[in-house]
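Student: Once you've had a glance at the structure underneath, I'll fire off some questions.
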Amino acid sequence: MNPNVFDDPRITAVGLLFEVHAGLSARFAKQLEEHGLSPVEFEVLTRLSRSPGNQLRMTDLAAQTSLSTSGVTRVVDRMERDGLIARRACPSDRRSSYAVVTPAGLRRLDESLPGHLQLIEDWFTGQLDPPALNALLDGLRRVRDAVHPCATAGSNSAPAEDETTGRGETPTGCDDPTESGPASEHEATAARVDP
């Protein structure tokens, strides 16, 4: 093996991405724990709150969070028991349901956001000048869209009702998030909130 292969800038780029993710995730988890939230619960509340009507179809929520369908069901069950979110049946498709943020969920999110935003400012966005931050965000969006095209499923507008089926539509290929993402909530702990 060529010893210079470890000097490859591609390995450096991915290594830096992993190191930054690990460092930020640890800081976020500690702060969120103070508010009784796990990182994945915070992500679910954030994703739902940023969506039209504070709701997403369960399949779209799974696609956005990179959780498996069963993984998102377990998280939603737990959060529903805690009163943070509720399920709402889709009136036009009995097979589909929505996860909806409750007033208690919005309050919990409001309580945790000031500290979370301060951590983001201190350890991420505040480390970069505006042109560098804009370039980084542009690059991250391009890579995200290439490796996880379903990351914004259902968030751009209210669920479009198909005239023939009466169901909201998900982008093609987004119905099974396990094909492109991790299957457990532990693998999806970063607060990925940028649509």
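Ordering of the structure tokens sets the chain letters (A, B, ...); residue numbers start at 1 within each chain; ligands are numbered from 1 in the order shown.
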Taking the DSSP assignment computed from this structure's backbone, write out as a PyMOL selection string all residues of region 17-129 of chain A that belong to strand (DSSP E).
Tutor: chain A and resi 55-57+85-89+97-101
Student: Next, the residues of the selection above should be written as a short mmCIF file (atom, residue, chain, number, x, y, z; two decimals), in the first residue's frame with C-alpha atoms.
Tutor:
data_model
loop_
_atom_site.label_atom_id
_atom_site.label_comp_id
_atom_site.auth_asym_id
_atom_site.auth_seq_id
_atom_site.Cartn_x
_atom_site.Cartn_y
_atom_site.Cartn_z
CA GLN A 55 -46.77 18.40 10.31
CA LEU A 56 -45.27 15.79 8.01
CA ARG A 57 -46.42 12.42 6.75
CA ILE A 85 -46.41 15.38 19.12
CA ALA A 86 -49.67 13.78 18.00
CA ARG A 87 -50.68 11.60 15.09
CA ARG A 88 -53.35 12.76 12.70
CA ALA A 89 -54.95 10.39 10.23
CA SER A 97 -50.82 9.44 8.91
CA TYR A 98 -49.21 12.69 9.90
CA ALA A 99 -47.01 13.54 12.86
CA VAL A 100 -48.01 16.97 14.22
CA VAL A 101 -46.26 19.11 16.83
#
Student: Set the distance at 10 Å and use only C-alpha atoms: which residues neighbour region 25-30 of chain A once local chain neighbours fewer than 5 positions away are removed? I'd like the list as a list of chain:residue names.
Tutor: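 In the requested format, the answer is A:Glu19, A:Val20, A:His35, A:Leu37, A:Ser38, A:Pro39, A:Val40, A:Phe42, A:Gly115, A:His116, A:Leu117, A:Leu119, A:Ile120, A:Trp123, A:Thr189, A:Ala190, A:Ala191.
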Student: Do you have the CA of Val75 (chain A)-CA of Cys90 (chain A) distance handy?
Tutor: 19.5 Å
Student: Using only C-alpha atoms, pick whichever of A:Met1, A:Asp8, A:Leu32, A:Leu17 has the shortest atom-to-atom distance to Leu113 (chain A).
Tutor: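 Going through A:Met1, A:Asp8, A:Leu32, A:Leu17 one by one, the smallest distance to Leu113 (chain A) is for A:Leu32.
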Student: In Å to one decimal, how far is CA of Arg78 (chain A) from CA of Val147 (chain A)?
Tutor: 28.9 Å
Student: To one decimal place, how far is CA of Pro149 (chain A) from CA of Ala63 (chain A) in Å?
Tutor: 9.1 Å
